[in-house]
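Asks: Compact mmCIF, C-alpha atoms, file target21.txt:
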```txt
# COMPACT_ATOMS: atom_id res chain seq x y z
CA MET K 1072 43.72 -8.84 16.53
CA LYS K 1073 43.40 -11.32 19.39
CA ARG K 1074 47.13 -12.06 19.18
CA ASP K 1075 47.98 -8.33 19.36
CA LYS K 1076 45.84 -7.97 22.45
CA LYS K 1077 47.61 -10.88 24.13
CA ILE K 1078 51.03 -9.46 23.19
CA THR K 1079 50.03 -6.06 24.56
CA GLN K 1080 48.88 -7.61 27.81
CA LEU K 1081 52.14 -9.58 28.04
CA ALA K 1082 54.22 -6.46 27.36
CA LYS K 1083 52.37 -4.52 30.07
CA LYS K 1084 52.87 -7.40 32.48
CA LEU K 1085 56.60 -7.48 31.66
CA VAL K 1086 56.80 -3.76 32.39
CA GLU K 1087 55.19 -4.35 35.77
CA LEU K 1088 57.74 -7.11 36.43
CA SER K 1089 60.52 -4.68 35.51
CA LYS K 1090 59.64 -2.43 38.45
CA ASP K 1091 61.28 -2.53 41.85
CA ASN K 1092 59.22 -0.68 44.41
CA GLY K 1093 57.30 1.00 41.59
CA VAL K 1094 60.45 2.08 39.77
CA VAL K 1095 61.77 0.53 36.58
CA THR K 1096 65.34 -0.57 37.26
CA GLU K 1097 68.02 -1.81 34.95
CA ALA K 1098 68.49 -4.98 36.99
CA LYS K 1099 64.84 -5.90 36.83
CA VAL K 1100 64.68 -5.21 33.12
CA SER K 1101 67.71 -7.48 32.62
CA GLU K 1102 65.97 -10.21 34.57
CA VAL K 1103 62.82 -9.87 32.52
CA LEU K 1104 64.78 -9.97 29.27
CA ALA K 1105 66.65 -13.06 30.45
CA GLY K 1106 63.39 -14.75 31.35
CA LEU K 1107 61.92 -13.81 28.00
CA LYS K 1108 64.95 -15.27 26.26
CA GLN K 1109 64.53 -18.54 28.11
CA ALA K 1110 60.81 -18.72 27.44
CA LYS K 1111 61.42 -18.45 23.67
CA HIS K 1112 58.12 -16.87 22.94
CA ARG K 1113 56.67 -17.66 19.54
CA HIS K 1114 56.41 -13.94 18.62
CA HIS K 1115 59.41 -12.79 20.65
CA LEU K 1116 60.30 -9.92 18.30
CA THR K 1117 56.83 -8.44 18.45
CA VAL K 1118 56.75 -8.89 22.20
CA LEU K 1119 60.11 -7.16 22.55
CA LYS K 1120 59.02 -4.21 20.42
CA SER K 1121 55.83 -3.78 22.40
CA PHE K 1122 57.76 -4.18 25.68
CA LEU K 1123 60.24 -1.53 24.57
CA GLY K 1124 57.48 0.91 23.73
CA TYR K 1125 55.72 0.51 27.09
CA LEU K 1126 59.09 0.57 28.89
CA ARG K 1127 60.03 3.89 27.25
CA ARG K 1128 56.68 5.35 28.22
CA GLU K 1129 57.08 4.14 31.81
CA VAL K 1130 60.64 5.49 32.03
CA ALA K 1131 59.48 8.83 30.61
CA LEU K 1132 56.78 8.99 33.29
CA GLN K 1133 59.38 8.33 35.97
CA THR K 1134 61.93 10.78 34.59
CA ALA K 1135 62.06 14.54 34.82
CA VAL K 1136 64.14 15.75 31.90
CA VAL K 1137 65.66 19.03 33.09
CA ALA K 1138 66.88 21.13 30.18
CA THR K 1139 69.26 23.96 31.05
CA PRO K 1140 71.89 25.95 29.14
CA GLY K 1141 74.54 25.33 31.79
CA ALA K 1142 75.25 23.11 34.74
CA LEU K 1143 72.77 22.72 37.57
CA SER K 1144 73.63 21.90 41.12
CA ALA K 1145 72.87 18.49 42.58
CA ALA K 1146 70.80 20.13 45.31
CA ALA K 1147 68.57 21.80 42.76
CA LEU K 1148 68.08 18.50 40.95
CA LYS K 1149 67.21 16.79 44.24
CA GLU K 1150 64.65 19.49 44.99
CA ILE K 1151 63.11 19.03 41.54
CA GLU K 1152 62.95 15.25 42.00
CA ALA K 1153 61.34 15.64 45.42
CA ASN K 1154 58.80 18.16 44.17
CA TYR K 1155 57.65 16.13 41.16
CA THR K 1156 57.67 12.88 43.15
CA LYS K 1157 55.26 14.59 45.46
CA ILE K 1158 53.17 16.04 42.64
CA TYR K 1159 52.83 12.82 40.62
CA GLY K 1160 52.75 10.43 43.57
CA ARG K 1161 55.45 8.18 42.10
CA PRO K 1162 59.25 8.19 42.21
CA ILE K 1163 60.62 10.69 39.69
CA SER K 1164 64.32 10.84 38.85
CA ALA K 1165 65.83 13.88 37.21
CA VAL K 1166 68.22 13.88 34.28
CA THR K 1167 69.76 17.00 32.82
CA THR K 1168 70.22 17.94 29.18
CA GLN K 1169 71.96 20.98 27.81
CA ASP K 1170 69.91 23.42 25.72
CA THR K 1171 71.56 26.76 24.98
CA SER K 1172 68.50 28.08 23.21
CA LEU K 1173 66.91 28.57 26.64
CA ILE K 1174 69.48 31.40 27.31
CA ALA K 1175 69.07 30.86 31.08
CA GLY K 1176 66.74 29.02 33.44
CA VAL K 1177 65.35 25.50 33.24
CA ARG K 1178 62.63 23.58 31.40
CA VAL K 1179 61.38 20.34 32.96
CA ARG K 1180 59.49 17.67 31.02
CA VAL K 1181 57.76 14.80 32.81
CA GLY K 1182 56.04 12.53 30.29
CA ASP K 1183 53.88 14.87 28.22
CA ASP K 1184 53.92 17.67 30.82
CA VAL K 1185 56.31 20.60 30.36
CA TYR K 1186 57.23 23.13 33.08
CA ASP K 1187 59.10 26.10 31.71
CA ALA K 1188 61.10 28.60 33.79
CA SER K 1189 63.57 29.63 31.12
CA VAL K 1190 64.34 33.09 29.77
CA ALA K 1191 63.51 31.98 26.21
CA GLY K 1192 60.19 30.59 27.37
CA ARG K 1193 59.32 33.74 29.25
CA LEU K 1194 60.18 35.90 26.26
CA GLN K 1195 58.07 33.66 24.06
CA ARG K 1196 55.10 33.92 26.43
CA LEU K 1197 55.62 37.68 26.57
CA ALA K 1198 55.51 37.84 22.77
CA GLU K 1199 52.36 35.70 22.70
CA ASN K 1200 50.67 37.93 25.25
CA VAL K 1201 51.43 41.08 23.25
CA HIS K 1202 48.88 40.20 20.56
CA MET Q 167 -88.43 61.56 -51.12
CA THR Q 168 -87.07 58.94 -48.98
CA MET Q 169 -87.10 55.20 -49.39
CA ASP Q 170 -89.52 54.88 -46.51
CA THR Q 171 -92.02 56.97 -48.36
CA ILE Q 172 -91.61 54.83 -51.47
CA PHE Q 173 -92.10 51.61 -49.51
CA LEU Q 174 -95.19 53.00 -47.86
CA ALA Q 175 -96.55 53.99 -51.17
CA ALA Q 176 -95.90 50.52 -52.57
CA ALA Q 177 -97.55 48.82 -49.59
CA ASN Q 178 -100.51 51.02 -49.75
CA PRO Q 179 -102.83 50.06 -52.61
CA ALA Q 180 -104.00 53.54 -52.71
CA ALA Q 181 -100.67 54.53 -53.35
CA GLY Q 182 -100.21 51.99 -56.23
CA GLU Q 183 -101.03 54.51 -58.77
CA PHE Q 184 -98.63 56.85 -57.38
CA ALA Q 185 -95.92 54.15 -57.51
CA ARG Q 186 -96.62 53.27 -61.09
CA GLU Q 187 -96.41 56.91 -62.03
CA PHE Q 188 -92.94 56.88 -60.75
CA GLY Q 189 -92.10 53.46 -62.46
CA PHE Q 190 -91.84 51.58 -59.19
CA ASN Q 191 -91.85 47.81 -59.69
CA ALA Q 192 -91.76 45.67 -56.55
CA LYS Q 193 -90.40 42.57 -58.32
CA LEU Q 194 -87.76 44.55 -59.94
CA ILE Q 195 -86.92 46.12 -56.68
CA PHE Q 196 -86.83 42.73 -55.03
CA ALA Q 197 -84.69 41.35 -57.81
CA GLN Q 198 -82.42 44.32 -57.52
CA ILE Q 199 -82.28 43.84 -53.81
CA LEU Q 200 -81.49 40.17 -54.31
CA ASN Q 201 -78.89 40.97 -56.91
CA PHE Q 202 -77.46 43.58 -54.69
CA GLY Q 203 -77.44 41.12 -51.81
CA ILE Q 204 -75.73 38.49 -53.93
CA LEU Q 205 -73.34 41.09 -55.23
CA ALA Q 206 -72.76 42.33 -51.74
CA PHE Q 207 -72.22 38.78 -50.50
CA LEU Q 208 -69.83 38.01 -53.35
CA LEU Q 209 -68.06 41.27 -52.87
CA TYR Q 210 -67.86 40.66 -49.17
CA ARG Q 211 -66.82 37.03 -49.63
CA PHE Q 212 -64.26 37.43 -52.36
CA ALA Q 213 -63.18 41.02 -52.21
CA ILE Q 214 -63.98 42.82 -49.01
CA LYS Q 215 -63.16 39.91 -46.68
CA PRO Q 216 -59.73 39.13 -48.25
CA ILE Q 217 -59.01 42.80 -48.46
CA ALA Q 218 -60.12 43.20 -44.86
CA ALA Q 219 -58.03 40.19 -43.91
CA THR Q 220 -55.10 41.65 -45.81
CA LEU Q 221 -55.74 44.99 -44.18
CA ASP Q 222 -56.00 43.31 -40.77
CA GLU Q 223 -52.84 41.41 -41.50
CA ARG Q 224 -51.11 44.58 -42.61
CA GLN Q 225 -52.57 46.37 -39.64
CA GLN Q 226 -51.26 43.59 -37.43
CA LYS Q 227 -47.90 43.75 -39.15
CA ILE Q 228 -47.87 47.50 -38.72
CA ALA Q 229 -48.88 47.08 -35.08
CA ASP Q 230 -46.23 44.40 -34.66
CA GLY Q 231 -43.76 46.64 -36.38
CA LEU Q 232 -44.71 49.52 -34.19
CA GLN Q 233 -44.53 47.29 -31.12
CA TYR Q 234 -41.18 45.95 -32.33
CA ALA Q 235 -40.07 49.50 -32.92
CA GLU Q 236 -41.23 50.41 -29.42
CA GLU Q 237 -39.45 47.41 -28.01
CA MET Q 238 -36.37 48.27 -30.01
CA LYS Q 239 -36.63 51.83 -28.82
CA ALA Q 240 -36.94 50.58 -25.25
CA GLN Q 241 -34.06 48.19 -25.77
CA LEU Q 242 -32.07 50.98 -27.36
CA ALA Q 243 -32.81 53.17 -24.40
CA ALA Q 244 -31.88 50.36 -22.05
CA ALA Q 245 -28.75 49.69 -24.05
CA THR Q 246 -27.95 53.37 -23.99
CA ARG Q 247 -28.47 53.47 -20.24
CA GLU Q 248 -26.40 50.35 -19.81
CA ARG Q 249 -23.70 51.78 -22.03
CA ASP Q 250 -23.77 55.03 -20.08
CA GLU Q 251 -23.57 53.08 -16.83
CA LYS Q 252 -20.73 50.99 -18.17
CA ILE Q 253 -18.96 54.10 -19.36
CA LYS Q 254 -19.43 55.58 -15.92
CA GLU Q 255 -18.21 52.37 -14.31
CA ALA Q 256 -15.29 52.23 -16.70
CA ALA Q 257 -14.48 55.84 -15.94
CA ALA Q 258 -14.72 55.11 -12.21
CA ASP Q 259 -12.58 52.00 -12.63
CA ALA Q 260 -10.08 53.95 -14.69
CA GLN Q 261 -9.98 56.64 -12.04
CA ARG Q 262 -9.60 54.04 -9.30
CA ILE Q 263 -6.87 52.23 -11.23
CA LEU Q 264 -5.15 55.52 -11.87
CA THR Q 265 -5.36 56.41 -8.20
CA GLU Q 266 -4.13 52.99 -7.15
CA SER Q 267 -1.34 53.16 -9.72
CA ARG Q 268 -0.29 56.53 -8.41
CA GLU Q 269 -0.36 55.24 -4.84
CA GLN Q 270 1.50 52.10 -5.82
CA SER Q 271 4.07 54.04 -7.76
CA LYS Q 272 4.45 56.38 -4.83
CA GLU Q 273 4.83 53.45 -2.44
CA MET Q 274 7.26 51.78 -4.83
CA ILE Q 275 9.31 54.95 -5.09
CA GLU Q 276 9.38 55.21 -1.30
CA LYS Q 277 10.23 51.52 -0.96
CA LYS Q 278 12.99 51.74 -3.56
CA THR Q 279 14.31 54.85 -1.89
CA GLN Q 280 14.36 53.10 1.46
CA GLU Q 281 16.01 50.04 -0.08
CA ALA Q 282 18.62 52.18 -1.76
CA ALA Q 283 19.26 53.97 1.53
CA ALA Q 284 19.50 50.64 3.36
CA GLN Q 285 21.86 49.27 0.73
CA ALA Q 286 23.98 52.35 0.90
CA GLU Q 287 24.03 52.11 4.67
CA ALA Q 288 24.94 48.41 4.49
CA ILE Q 289 27.72 49.14 2.02
CA ILE Q 290 29.06 51.89 4.24
CA ARG Q 291 28.79 49.63 7.30
CA LYS Q 292 30.56 46.79 5.54
CA ALA Q 293 33.24 49.10 4.29
CA THR Q 294 33.67 50.49 7.80
CA GLU Q 295 33.83 46.99 9.25
CA ALA Q 296 36.29 45.88 6.59
CA THR Q 297 38.41 48.92 7.26
CA GLU Q 298 38.26 48.28 10.99
CA GLN Q 299 39.15 44.62 10.54
CA GLU Q 300 41.98 45.56 8.22
CA ARG Q 301 43.20 48.10 10.77
CA LYS Q 302 43.00 45.54 13.58
CA LYS Q 303 44.78 42.94 11.47
CA MET Q 304 47.46 45.42 10.55
CA LEU Q 305 47.82 46.42 14.18
CA SER Q 306 48.00 42.78 15.22
CA ASP Q 307 50.59 42.08 12.54
CA VAL Q 308 52.62 45.06 13.67
CA ARG Q 309 52.37 43.94 17.28
CA GLN Q 310 53.41 40.42 16.36
CA GLU Q 311 56.30 41.70 14.33
CA VAL Q 312 57.38 44.09 17.08
CA ALA Q 313 57.06 41.33 19.66
CA ARG Q 314 59.04 38.97 17.46
CA LEU Q 315 61.73 41.59 16.98
CA VAL Q 316 61.79 42.40 20.69
CA VAL Q 317 62.04 38.74 21.61
CA ALA Q 318 64.71 38.08 19.02
CA THR Q 319 66.68 41.14 20.04
CA SER Q 320 66.27 40.40 23.75
CA SER Q 321 67.34 36.81 23.18
CA LYS Q 322 70.45 37.91 21.34
CA VAL Q 323 71.27 40.59 23.87
CA LEU Q 324 70.69 38.32 26.85
CA SER Q 325 72.64 35.46 25.25
CA ARG Q 326 75.54 37.78 24.57
CA ASP Q 327 75.49 39.94 27.66
CA LEU Q 328 74.64 37.43 30.39
CA SER Q 329 77.72 35.86 31.86
CA ASP Q 330 77.90 32.16 32.61
CA ALA Q 331 77.70 32.92 36.31
CA GLU Q 332 74.57 34.99 35.82
CA LYS Q 333 73.02 32.26 33.67
CA SER Q 334 73.88 29.68 36.32
CA THR Q 335 72.42 31.81 39.06
CA PHE Q 336 69.25 32.36 37.09
CA SER Q 337 68.99 28.64 36.32
CA GLU Q 338 69.39 27.74 39.98
CA SER Q 339 66.74 30.27 40.89
CA ALA Q 340 64.41 28.93 38.19
CA ALA Q 341 65.00 25.36 39.40
CA LYS Q 342 64.07 26.39 42.94
CA GLU Q 343 61.00 28.15 41.56
CA LEU Q 344 59.87 24.98 39.81
CA ALA Q 345 60.79 22.85 42.83
CA ASN Q 346 58.62 25.00 45.09
CA ASN Q 347 55.56 25.04 42.84
```
Just dump the structure as structure tokens.
Replies:
Amino acid sequence: MKRDKKITQLAKKLVELSKDNGVVTEAKVSEVLAGLKQAKHRHHLTVLKSFLGYLRREVALQTAVVATPGALSAAALKEIEANYTKIYGRPISAVTTQDTSLIAGVRVRVGDDVYDASVAGRLQRLAENVH
Amino acid sequence: MTMDTIFLAAANPAAGEFAREFGFNAKLIFAQILNFGILAFLLYRFAIKPIAATLDERQQKIADGLQYAEEMKAQLAAATRERDEKIKEAAADAQRILTESREQSKEMIEKKTQEAAAQAEAIIRKATEATEQERKKMLSDVRQEVARLVVATSSKVLSRDLSDAEKSTFSESAAKELANN
């Protein structure tokens, strides 16, 4: 139990070290992993798993996953990034995924928050409001 | 001639001749009186007194019997009165019980009638509520089904009929909408 707590604290600290100006960057993560390799931690596998989990969570919080059935202009993505950076008070980068089930429109997910402006979502809400 | 005359004649010497003529002998008379007294005493002692005692005893028994009979008569009368009173009380009680029973049965009939009416009303109310709930559920199911069909149909129609350019335009517009929220 005590060991798990220490590993968790170490993983969180490694995540903080992986940030550059509050943003997790690939370069910083590589540096952290290199340092971890050199340190040869006694429970390196457990530390790595915990670090990966917290890193994924941090990346998800810094990423706006924009689902859309077709392509989206770079300007629109920039506007989305700017808006959610302002809303959450931290740098948010947008990545797009293709989802044809949306028919048209976009659905943005930041961490556990979902913002839906798709045709499928609107139809679904319409159906839910009927009854 | 009375005895007083005879005694006077005996006491009077002049009259002794007269007494002898009639065979009067004072000793004999005295003896007779003594015998009579003894006989009277014996009779009184051994006959009259026991008989009198027996008579008194019988008289007492008769008096006791009469008194007992009177007491019995009084007791009988009292018992008769008591019985009559008890009969009256019993009759009154029976009447009261009958009246109470009638009232109770009347109240019970009214109560049962009210209960039956309340039960009937409750059954009707429940049935109405169940019918209403069933109707609402059916309506909700129909709405859900209609909504599902509308959504499904709309999705298919929009997917088929919207061109890529229209989808792109809508997506750009939606992105701006989210960006401006």
Asks: Please identify all polymer residues within 8 Å of Leu1148 (chain K), counting all atoms listed in the file, omitting same-chain residues fewer than 4 positions from it, and present them as an MDAnalysis selection string.
Replies: (chainID K and resid 1143:1144 1152 1165) or (chainID Q and resid 341)
Asks: Find the nearest atom pair between each residue of chain Q and chain K for residues within 9 Å, count all atoms listed in the file, give distances in Å to one decimal, sort rows by chain and ascending number, and present the table as CSV.
Replies:
```
residue,atom,partner,partner_atom,distance
Q:Leu305,CA,K:His1202,CA,9.0
Q:Ser306,CA,K:His1202,CA,6.0
Q:Asp307,CA,K:His1202,CA,8.4
Q:Arg309,CA,K:His1202,CA,6.1
Q:Gln310,CA,K:His1202,CA,6.2
Q:Val312,CA,K:Ala1198,CA,8.7
Q:Ala313,CA,K:Ala1198,CA,4.9
Q:Arg314,CA,K:Ala1198,CA,6.5
Q:Val316,CA,K:Ala1198,CA,8.0
Q:Val317,CA,K:Leu1194,CA,5.8
Q:Ala318,CA,K:Leu1194,CA,8.8
Q:Ser320,CA,K:Leu1194,CA,8.0
Q:Ser321,CA,K:Ala1191,CA,6.9
Q:Lys322,CA,K:Ile1174,CA,8.9
Q:Leu324,CA,K:Ile1174,CA,7.0
Q:Ser325,CA,K:Ile1174,CA,5.5
Q:Leu328,CA,K:Ile1174,CA,8.5
Q:Asp330,CA,K:Gly1141,CA,7.7
Q:Glu332,CA,K:Ala1175,CA,8.4
Q:Lys333,CA,K:Ala1175,CA,4.9
Q:Ser334,CA,K:Gly1141,CA,6.3
Q:Thr335,CA,K:Gly1176,CA,8.5
Q:Phe336,CA,K:Gly1176,CA,5.5
Q:Ser337,CA,K:Gly1176,CA,3.7
Q:Glu338,CA,K:Leu1143,CA,6.5
Q:Ser339,CA,K:Gly1176,CA,7.6
Q:Ala340,CA,K:Gly1176,CA,5.3
Q:Ala341,CA,K:Ala1147,CA,6.1
Q:Lys342,CA,K:Ala1147,CA,6.4
Q:Glu343,CA,K:Ala1188,CA,7.8
Q:Leu344,CA,K:Ile1151,CA,7.0
Q:Ala345,CA,K:Ile1151,CA,4.7
Q:Asn346,CA,K:Asn1154,CA,6.9
Q:Asn347,CA,K:Asn1154,CA,7.7
```
Asks: So which residues are close to (66.1, -7.6, 31.7), meaning at most 12 Å away in the file's coordinates with all atoms listed in the file counted, and can you show them as a PyMOL selection string?
Replies: chain K and resi 1085-1086+1088-1090+1095-1109+1119+1122-1123+1126
Asks: Between K:Ser1121, K:Lys1111, K:Arg1128, K:Val1094, which has the minimum distance to Ser1164 (chain K) (counting only C-alpha atoms)?
Replies: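 Going through K:Ser1121, K:Lys1111, K:Arg1128, K:Val1094 one by one, the smallest distance to Ser1164 (chain K) is for K:Val1094.
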Asks: At what distance in Å, to one decimal, does CA of Glu1087 (chain K) lie from CA of Ala1135 (chain K)?
Replies: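 Interatomic distance, CA of Ala1135 (chain K) to CA of Glu1087 (chain K): 20.1 Å.
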Asks: For CA of Ile275 (chain Q) and CA of Ile289 (chain Q), determine how far apart the two atoms are, in Å to one decimal place.
Replies: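 Interatomic distance here is 20.6 Å.
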Asks: Hey, can you check how far CA of Asp1091 (chain K) sits from CA of Gln1133 (chain K)?
Replies: 12.5 Å
Asks: Kindly indicate which residue among K:Gly1160, K:Gly1192, K:Gly1124, K:Gly1182 lies nearest to Thr1079 (chain K), using all atoms listed in the file for the distances.
Replies: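 Going through K:Gly1160, K:Gly1192, K:Gly1124, K:Gly1182 one by one, the smallest distance to Thr1079 (chain K) is for K:Gly1124.
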